[in-house]
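Asker: If it helps, the file is called start_28.pdb and holds PDB, C-alpha atoms and all ligand atoms:
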```
ATOM      1  CA  MET D   1       0.000   0.000   0.000  1.00  0.00           C
ATOM      2  CA  THR D   2       2.961   2.340  -0.489  1.00  0.00           C
ATOM      3  CA  GLY D   3       2.179   5.879  -1.636  1.00  0.00           C
ATOM      4  CA  ARG D   4      -1.390   5.393  -0.607  1.00  0.00           C
ATOM      5  CA  GLY D   5      -3.522   6.672   2.222  1.00  0.00           C
ATOM      6  CA  GLN D   6      -4.647   4.148   4.805  1.00  0.00           C
ATOM      7  CA  SER D   7      -8.384   4.527   4.319  1.00  0.00           C
ATOM      8  CA  ILE D   8     -10.742   1.772   3.241  1.00  0.00           C
ATOM      9  CA  VAL D   9     -12.785   2.963   0.283  1.00  0.00           C
ATOM     10  CA  LEU D  10     -16.001   1.162  -0.670  1.00  0.00           C
ATOM     11  CA  ILE D  11     -17.234   1.294  -4.247  1.00  0.00           C
ATOM     12  CA  GLY D  12     -19.922  -0.665  -6.062  1.00  0.00           C
ATOM     13  CA  PHE D  13     -23.352  -0.573  -7.590  1.00  0.00           C
ATOM     14  CA  MET D  14     -26.500   0.567  -5.781  1.00  0.00           C
ATOM     15  CA  GLY D  15     -27.603  -2.255  -3.502  1.00  0.00           C
ATOM     16  CA  ALA D  16     -24.120  -3.722  -3.156  1.00  0.00           C
ATOM     17  CA  GLY D  17     -24.219  -2.937   0.570  1.00  0.00           C
ATOM     18  CA  LYS D  18     -21.729  -0.056   0.728  1.00  0.00           C
ATOM     19  CA  SER D  19     -23.542   1.987   3.394  1.00  0.00           C
ATOM     20  CA  SER D  20     -24.243  -0.847   5.824  1.00  0.00           C
ATOM     21  CA  THR D  21     -20.821  -2.405   5.334  1.00  0.00           C
ATOM     22  CA  GLY D  22     -19.249   1.005   5.886  1.00  0.00           C
ATOM     23  CA  LYS D  23     -21.027   1.246   9.242  1.00  0.00           C
ATOM     24  CA  ALA D  24     -19.920  -2.283  10.187  1.00  0.00           C
ATOM     25  CA  LEU D  25     -16.315  -1.445   9.236  1.00  0.00           C
ATOM     26  CA  ALA D  26     -16.372   1.796  11.232  1.00  0.00           C
ATOM     27  CA  ARG D  27     -17.633  -0.115  14.288  1.00  0.00           C
ATOM     28  CA  ARG D  28     -14.942  -2.780  13.944  1.00  0.00           C
ATOM     29  CA  THR D  29     -11.991  -0.479  13.251  1.00  0.00           C
ATOM     30  CA  GLY D  30     -12.995   2.580  15.300  1.00  0.00           C
ATOM     31  CA  LEU D  31     -12.224   4.719  12.243  1.00  0.00           C
ATOM     32  CA  PRO D  32     -14.448   7.658  11.297  1.00  0.00           C
ATOM     33  CA  ARG D  33     -16.820   7.065   8.381  1.00  0.00           C
ATOM     34  CA  PHE D  34     -17.441   9.467   5.532  1.00  0.00           C
ATOM     35  CA  ASP D  35     -20.164   8.880   2.950  1.00  0.00           C
ATOM     36  CA  THR D  36     -20.032  11.002  -0.206  1.00  0.00           C
ATOM     37  CA  ASP D  37     -23.836  10.840  -0.606  1.00  0.00           C
ATOM     38  CA  GLU D  38     -24.269  12.159   2.942  1.00  0.00           C
ATOM     39  CA  ILE D  39     -21.709  14.927   2.377  1.00  0.00           C
ATOM     40  CA  VAL D  40     -23.432  16.049  -0.839  1.00  0.00           C
ATOM     41  CA  SER D  41     -26.869  15.820   0.718  1.00  0.00           C
ATOM     42  CA  ILE D  42     -25.813  17.970   3.693  1.00  0.00           C
ATOM     43  CA  ARG D  43     -24.113  20.481   1.408  1.00  0.00           C
ATOM     44  CA  PHE D  44     -27.357  21.014  -0.575  1.00  0.00           C
ATOM     45  CA  GLY D  45     -29.619  20.529   2.435  1.00  0.00           C
ATOM     46  CA  LEU D  46     -31.611  18.128   0.246  1.00  0.00           C
ATOM     47  CA  ALA D  47     -32.117  14.407  -0.280  1.00  0.00           C
ATOM     48  CA  ILE D  48     -30.193  12.958  -3.242  1.00  0.00           C
ATOM     49  CA  ALA D  49     -33.378  12.417  -5.282  1.00  0.00           C
ATOM     50  CA  GLU D  50     -34.279  16.055  -4.753  1.00  0.00           C
ATOM     51  CA  ILE D  51     -30.813  17.204  -5.886  1.00  0.00           C
ATOM     52  CA  PHE D  52     -31.204  15.191  -9.102  1.00  0.00           C
ATOM     53  CA  ALA D  53     -34.716  16.557  -9.660  1.00  0.00           C
ATOM     54  CA  ARG D  54     -33.853  20.207  -9.074  1.00  0.00           C
ATOM     55  CA  PHE D  55     -30.289  20.517 -10.346  1.00  0.00           C
ATOM     56  CA  GLY D  56     -29.688  17.464 -12.554  1.00  0.00           C
ATOM     57  CA  GLU D  57     -27.160  14.635 -12.487  1.00  0.00           C
ATOM     58  CA  GLU D  58     -24.184  16.729 -13.646  1.00  0.00           C
ATOM     59  CA  LYS D  59     -24.443  19.116 -10.675  1.00  0.00           C
ATOM     60  CA  PHE D  60     -24.730  16.124  -8.369  1.00  0.00           C
ATOM     61  CA  ARG D  61     -21.592  14.610  -9.948  1.00  0.00           C
ATOM     62  CA  ASP D  62     -19.693  17.893  -9.510  1.00  0.00           C
ATOM     63  CA  ALA D  63     -20.642  17.995  -5.835  1.00  0.00           C
ATOM     64  CA  GLU D  64     -19.665  14.327  -5.484  1.00  0.00           C
ATOM     65  CA  SER D  65     -16.185  15.040  -6.884  1.00  0.00           C
ATOM     66  CA  GLU D  66     -15.867  18.065  -4.593  1.00  0.00           C
ATOM     67  CA  ALA D  67     -16.795  15.920  -1.602  1.00  0.00           C
ATOM     68  CA  LEU D  68     -13.957  13.539  -2.504  1.00  0.00           C
ATOM     69  CA  GLY D  69     -11.574  16.458  -2.755  1.00  0.00           C
ATOM     70  CA  GLN D  70     -12.400  17.461   0.822  1.00  0.00           C
ATOM     71  CA  LEU D  71     -11.409  14.095   2.275  1.00  0.00           C
ATOM     72  CA  SER D  72      -7.950  13.868   3.788  1.00  0.00           C
ATOM     73  CA  ASP D  73      -5.445  11.265   2.676  1.00  0.00           C
ATOM     74  CA  ALA D  74      -3.534  11.727   5.915  1.00  0.00           C
ATOM     75  CA  ALA D  75      -6.195  10.564   8.362  1.00  0.00           C
ATOM     76  CA  PRO D  76      -7.404   6.999   7.823  1.00  0.00           C
ATOM     77  CA  ALA D  77     -11.159   6.567   7.517  1.00  0.00           C
ATOM     78  CA  ILE D  78     -13.886   4.376   6.095  1.00  0.00           C
ATOM     79  CA  ILE D  79     -15.036   6.060   2.901  1.00  0.00           C
ATOM     80  CA  VAL D  80     -18.395   5.101   1.398  1.00  0.00           C
ATOM     81  CA  THR D  81     -19.195   6.270  -2.120  1.00  0.00           C
ATOM     82  CA  GLY D  82     -22.230   6.529  -4.387  1.00  0.00           C
ATOM     83  CA  GLY D  83     -22.579   3.934  -7.139  1.00  0.00           C
ATOM     84  CA  GLY D  84     -21.700   6.390  -9.917  1.00  0.00           C
ATOM     85  CA  ILE D  85     -18.454   7.694  -8.438  1.00  0.00           C
ATOM     86  CA  VAL D  86     -16.338   5.590 -10.825  1.00  0.00           C
ATOM     87  CA  LEU D  87     -17.804   7.324 -13.872  1.00  0.00           C
ATOM     88  CA  ARG D  88     -15.172  10.070 -13.625  1.00  0.00           C
ATOM     89  CA  PRO D  89     -11.586   8.826 -13.984  1.00  0.00           C
ATOM     90  CA  GLU D  90     -10.311  11.648 -11.750  1.00  0.00           C
ATOM     91  CA  ASN D  91     -12.562  10.358  -8.965  1.00  0.00           C
ATOM     92  CA  VAL D  92     -11.048   6.898  -9.311  1.00  0.00           C
ATOM     93  CA  ARG D  93      -7.532   8.316  -9.069  1.00  0.00           C
ATOM     94  CA  ARG D  94      -8.529  10.246  -5.957  1.00  0.00           C
ATOM     95  CA  LEU D  95     -10.087   7.152  -4.354  1.00  0.00           C
ATOM     96  CA  GLN D  96      -6.890   5.215  -4.999  1.00  0.00           C
ATOM     97  CA  GLU D  97      -4.862   7.974  -3.335  1.00  0.00           C
ATOM     98  CA  LEU D  98      -7.103   7.822  -0.295  1.00  0.00           C
ATOM     99  CA  GLY D  99      -6.494   4.151   0.400  1.00  0.00           C
ATOM    100  CA  SER D 100      -7.412   0.610  -0.534  1.00  0.00           C
ATOM    101  CA  VAL D 101     -10.359   0.440  -2.878  1.00  0.00           C
ATOM    102  CA  VAL D 102     -12.823  -2.371  -2.210  1.00  0.00           C
ATOM    103  CA  SER D 103     -15.472  -3.230  -4.782  1.00  0.00           C
ATOM    104  CA  LEU D 104     -18.627  -4.718  -3.299  1.00  0.00           C
ATOM    105  CA  GLU D 105     -20.431  -6.915  -5.781  1.00  0.00           C
ATOM    106  CA  ALA D 106     -23.570  -9.036  -5.939  1.00  0.00           C
ATOM    107  CA  ASP D 107     -25.465 -10.949  -8.581  1.00  0.00           C
ATOM    108  CA  GLU D 108     -28.080  -9.083 -10.602  1.00  0.00           C
ATOM    109  CA  GLU D 109     -31.058 -10.679  -8.829  1.00  0.00           C
ATOM    110  CA  THR D 110     -29.712  -9.798  -5.379  1.00  0.00           C
ATOM    111  CA  LEU D 111     -28.920  -6.225  -6.385  1.00  0.00           C
ATOM    112  CA  PHE D 112     -32.395  -5.710  -7.797  1.00  0.00           C
ATOM    113  CA  ARG D 113     -34.064  -7.200  -4.718  1.00  0.00           C
ATOM    114  CA  ARG D 114     -32.065  -4.911  -2.433  1.00  0.00           C
ATOM    115  CA  ILE D 115     -32.653  -1.852  -4.608  1.00  0.00           C
ATOM    116  CA  LEU D 116     -36.423  -2.437  -4.509  1.00  0.00           C
ATOM    117  CA  ARG D 117     -36.362  -2.063  -0.722  1.00  0.00           C
ATOM    118  CA  ARG D 118     -35.542   1.624  -1.084  1.00  0.00           C
ATOM    119  CA  ALA D 119     -37.410   3.361  -3.871  1.00  0.00           C
ATOM    120  CA  THR D 120     -35.342   6.532  -3.590  1.00  0.00           C
ATOM    121  CA  ARG D 121     -32.742   6.012  -6.311  1.00  0.00           C
ATOM    122  CA  PRO D 122     -33.339   8.697  -8.926  1.00  0.00           C
ATOM    123  CA  LEU D 123     -31.562   6.854 -11.745  1.00  0.00           C
ATOM    124  CA  LEU D 124     -33.957   3.924 -11.487  1.00  0.00           C
ATOM    125  CA  GLN D 125     -37.183   5.917 -11.642  1.00  0.00           C
ATOM    126  CA  THR D 126     -37.835   4.617 -15.166  1.00  0.00           C
ATOM    127  CA  GLU D 127     -40.563   2.575 -16.847  1.00  0.00           C
ATOM    128  CA  ASP D 128     -38.434  -0.541 -16.612  1.00  0.00           C
ATOM    129  CA  PRO D 129     -36.089  -0.206 -13.637  1.00  0.00           C
ATOM    130  CA  ARG D 130     -34.678  -3.700 -14.102  1.00  0.00           C
ATOM    131  CA  ALA D 131     -33.637  -2.988 -17.701  1.00  0.00           C
ATOM    132  CA  THR D 132     -32.135   0.331 -16.589  1.00  0.00           C
ATOM    133  CA  MET D 133     -30.221  -1.423 -13.844  1.00  0.00           C
ATOM    134  CA  VAL D 134     -28.845  -4.026 -16.268  1.00  0.00           C
ATOM    135  CA  GLU D 135     -27.693  -1.319 -18.669  1.00  0.00           C
ATOM    136  CA  LEU D 136     -26.023   0.728 -15.910  1.00  0.00           C
ATOM    137  CA  LEU D 137     -24.337  -2.428 -14.628  1.00  0.00           C
ATOM    138  CA  ARG D 138     -23.024  -3.275 -18.094  1.00  0.00           C
ATOM    139  CA  VAL D 139     -21.306   0.109 -18.308  1.00  0.00           C
ATOM    140  CA  ARG D 140     -20.080   0.236 -14.744  1.00  0.00           C
ATOM    141  CA  GLU D 141     -18.940  -3.277 -13.903  1.00  0.00           C
ATOM    142  CA  PRO D 142     -15.616  -2.926 -15.749  1.00  0.00           C
ATOM    143  CA  LEU D 143     -15.041   0.430 -14.021  1.00  0.00           C
ATOM    144  CA  TYR D 144     -15.550  -1.056 -10.551  1.00  0.00           C
ATOM    145  CA  ARG D 145     -13.307  -3.971 -11.437  1.00  0.00           C
ATOM    146  CA  GLU D 146     -10.490  -1.803 -12.762  1.00  0.00           C
ATOM    147  CA  ALA D 147     -10.609   0.604  -9.811  1.00  0.00           C
ATOM    148  CA  ALA D 148     -10.546  -2.094  -7.141  1.00  0.00           C
ATOM    149  CA  ASP D 149      -7.686  -3.535  -5.119  1.00  0.00           C
ATOM    150  CA  VAL D 150     -10.050  -6.080  -3.610  1.00  0.00           C
ATOM    151  CA  ARG D 151     -13.433  -7.465  -4.738  1.00  0.00           C
ATOM    152  CA  VAL D 152     -15.978  -9.047  -2.416  1.00  0.00           C
ATOM    153  CA  ASP D 153     -19.127 -10.858  -3.500  1.00  0.00           C
ATOM    154  CA  THR D 154     -21.729  -9.824  -0.921  1.00  0.00           C
ATOM    155  CA  SER D 155     -24.646 -11.829  -2.345  1.00  0.00           C
ATOM    156  CA  LEU D 156     -24.722 -14.462   0.406  1.00  0.00           C
ATOM    157  CA  LEU D 157     -23.087 -12.560   3.253  1.00  0.00           C
ATOM    158  CA  THR D 158     -24.321 -10.375   6.106  1.00  0.00           C
ATOM    159  CA  HIS D 159     -22.841  -6.890   6.407  1.00  0.00           C
ATOM    160  CA  ASP D 160     -20.683  -8.034   9.324  1.00  0.00           C
ATOM    161  CA  GLU D 161     -19.409 -10.969   7.285  1.00  0.00           C
ATOM    162  CA  VAL D 162     -18.589  -8.625   4.414  1.00  0.00           C
ATOM    163  CA  ALA D 163     -16.700  -6.335   6.815  1.00  0.00           C
ATOM    164  CA  ASP D 164     -14.697  -9.321   8.130  1.00  0.00           C
ATOM    165  CA  ALA D 165     -13.932 -10.504   4.591  1.00  0.00           C
ATOM    166  CA  ILE D 166     -12.666  -7.034   3.683  1.00  0.00           C
ATOM    167  CA  LEU D 167     -10.411  -6.733   6.721  1.00  0.00           C
ATOM    168  CA  LYS D 168      -8.997 -10.194   6.078  1.00  0.00           C
ATOM    169  CA  SER D 169      -8.270  -9.428   2.406  1.00  0.00           C
ATOM    170  CA  LEU D 170      -6.614  -6.120   3.232  1.00  0.00           C
ATOM    171  CA  GLU D 171      -4.248  -7.817   5.688  1.00  0.00           C
ATOM    172  CA  LYS D 172      -2.884  -9.798   2.748  1.00  0.00           C
ATOM    173  CA  LEU D 173      -2.245  -6.780   0.485  1.00  0.00           C
TER     174      LEU D 173
HETATM  175  C1  LIG W 201     -26.029   6.653  -7.776  1.00  0.00           C
HETATM  176  C2  LIG W 201     -26.042   5.931  -6.608  1.00  0.00           C
HETATM  177  C3  LIG W 201     -26.542   6.486  -5.341  1.00  0.00           C
HETATM  178  C4  LIG W 201     -26.445   8.009  -5.344  1.00  0.00           C
HETATM  179  C5  LIG W 201     -27.108   8.559  -6.551  1.00  0.00           C
HETATM  180  C6  LIG W 201     -26.466   8.067  -7.857  1.00  0.00           C
HETATM  181  C7  LIG W 201     -25.524   6.014  -9.005  1.00  0.00           C
HETATM  182  O1  LIG W 201     -25.794   5.962  -4.243  1.00  0.00           O
HETATM  183  O2  LIG W 201     -25.104   8.426  -5.304  1.00  0.00           O
HETATM  184  O3  LIG W 201     -28.450   8.200  -6.508  1.00  0.00           O
HETATM  185  O4  LIG W 201     -25.240   6.719 -10.001  1.00  0.00           O
HETATM  186  O5  LIG W 201     -25.376   4.769  -9.011  1.00  0.00           O
HETATM  187  P1  LIG W 201     -25.911   4.411  -3.747  1.00  0.00           P
HETATM  188  O6  LIG W 201     -24.963   3.619  -4.587  1.00  0.00           O
HETATM  189  O7  LIG W 201     -25.481   4.483  -2.321  1.00  0.00           O
HETATM  190  O8  LIG W 201     -27.329   4.010  -3.908  1.00  0.00           O
END
```
Translate this structure into structure tokens?
Ligand code: S3P
Answerer:
Amino acid sequence: MTGRGQSIVLIGFMGAGKSSTGKALARRTGLPRFDTDEIVSIRFGLAIAEIFARFGEEKFRDAESEALGQLSDAAPAIIVTGGGIVLRPENVRRLQELGSVVSLEADEETLFRRILRRATRPLLQTEDPRATMVELLRVREPLYREAADVRVDTSLLTHDEVADAILKSLEKL
């Protein structure tokens, strides 16, 4: 991990379990947790869906990149990101500077089931959310894979099990 910060950075598609795993990791390690969605939401004083509706995706993406810029590479933390963070190559470079990048993954069925539990994701408010999800996944999967130091399939694991798997894999890096 030379030349890198000591943070643990979670990336992955909506429903991959980034938020809950981030909380489990923060509990286990005692490190502070930063979530780019939360930072952006606080900055606008609005829920993410509302930011998309009022200002559009591009403004959200700008704020997301700014949020990353505010995070310190000196102080280790658990960093949770939104599913689209990998769309900008400069974000990926920044995440890699911050620490070890962990891609959380799950099969399509599992992702869709988890996504359905929270109907707040603006990008999936379409006539056929499943088809939209599949298309977004097709574009993004290679980006998650290329950005990651470690990949964890979360389909059959609890959040605590995912957190343990991450910590074990990072020991070996
Ligand atoms: C997005 C994922 C969301 C949030 C926004 C855009 C995406 O975060 O950042 O709705 O482009 O995949 P989660 O991955 O936490 O749902």
Asker: Taking only C-alpha atoms and all ligand atoms into account, report as number ranges by chain which residues have an atom no farther than 10 Å from an atom of ligand LIG 201 (chain W).
Answerer: D: 11-20, 35-38, 40-41, 47-52, 57, 60-61, 64, 80-87, 115, 118, 120-124, 133, 136-137, 140
Asker: Can you pull out the residues contacting region 148-150 of chain D? Cut-off 8 Å, using all atoms listed in the file, and skip same-chain residues under 3 positions away; I want them as a list in words.
Answerer: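 Selected residues are Ser100, Val101, Val102, Ser103, Tyr144, Arg145, Ile166, Ser169 and Leu170 of chain D.
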Asker: For the file shown, what are the residues hit by the PyMOL selection byres (((chain D and resi 5) around 12) and not hetatm), laid out as a ChimeraX atom specification?
Answerer: /D:1-4,6-9,71-79,94-101
Asker: Please compute the CA of Lys172 (chain D)-CA of Val152 (chain D) distance, one decimal, in Å.
Answerer: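 Computing the Euclidean distance for CA of Lys172 (chain D) and CA of Val152 (chain D) yields 14.1 Å.
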Asker: Using only C-alpha atoms, which of D:Ala165, D:Leu116, D:Leu143, D:Ala63 sits nearest Ala24 (chain D)?
Answerer: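 The closest residue to Ala24 (chain D) is D:Ala165.
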Asker: Give me, as a VMD selection string, all polymer residues having an atom no more than 12 Å from Arg28 (chain D), counting only C-alpha atoms and skipping those fewer than 5 positions away in the same chain.
Answerer: chain D and resid 21 to 23 33 77 to 78 159 to 164 166 to 167
Asker: Print the selection's residues with C-alpha atoms to a file, as a PDB file, keeping the file's coordinate frame.
Answerer:
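To be explicit, this is the file written out as again.pdb:
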```
ATOM      1  CA  THR D  21     -20.821  -2.405   5.334  1.00  0.00           C
ATOM      2  CA  GLY D  22     -19.249   1.005   5.886  1.00  0.00           C
ATOM      3  CA  LYS D  23     -21.027   1.246   9.242  1.00  0.00           C
ATOM      4  CA  ARG D  33     -16.820   7.065   8.381  1.00  0.00           C
ATOM      5  CA  ALA D  77     -11.159   6.567   7.517  1.00  0.00           C
ATOM      6  CA  ILE D  78     -13.886   4.376   6.095  1.00  0.00           C
ATOM      7  CA  HIS D 159     -22.841  -6.890   6.407  1.00  0.00           C
ATOM      8  CA  ASP D 160     -20.683  -8.034   9.324  1.00  0.00           C
ATOM      9  CA  GLU D 161     -19.409 -10.969   7.285  1.00  0.00           C
ATOM     10  CA  VAL D 162     -18.589  -8.625   4.414  1.00  0.00           C
ATOM     11  CA  ALA D 163     -16.700  -6.335   6.815  1.00  0.00           C
ATOM     12  CA  ASP D 164     -14.697  -9.321   8.130  1.00  0.00           C
ATOM     13  CA  ILE D 166     -12.666  -7.034   3.683  1.00  0.00           C
ATOM     14  CA  LEU D 167     -10.411  -6.733   6.721  1.00  0.00           C
TER      15      LEU D 167
END
```
Asker: Just to confirm, what's the straight-line distance from CA of Leu10 (chain D) to CA of Gln70 (chain D) in Å (one decimal)?
Answerer: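 Going from CA of Leu10 (chain D) over to CA of Gln70 (chain D) covers 16.8 Å.
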Asker: What does the distance between CA of Asp62 (chain D) and CA of Val139 (chain D) come to in Å, to one decimal place?
Answerer: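 CA of Val139 (chain D) lies at a distance of 19.9 Å from CA of Asp62 (chain D).
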Asker: With all atoms listed in the file as the basis for distance, which of D:Leu46, D:Ala26, D:Gly56, D:Glu108 is at the shortest distance from Ser155 (chain D)?
Answerer: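 Answer, going by the shortest atom-to-atom distance: D:Glu108.
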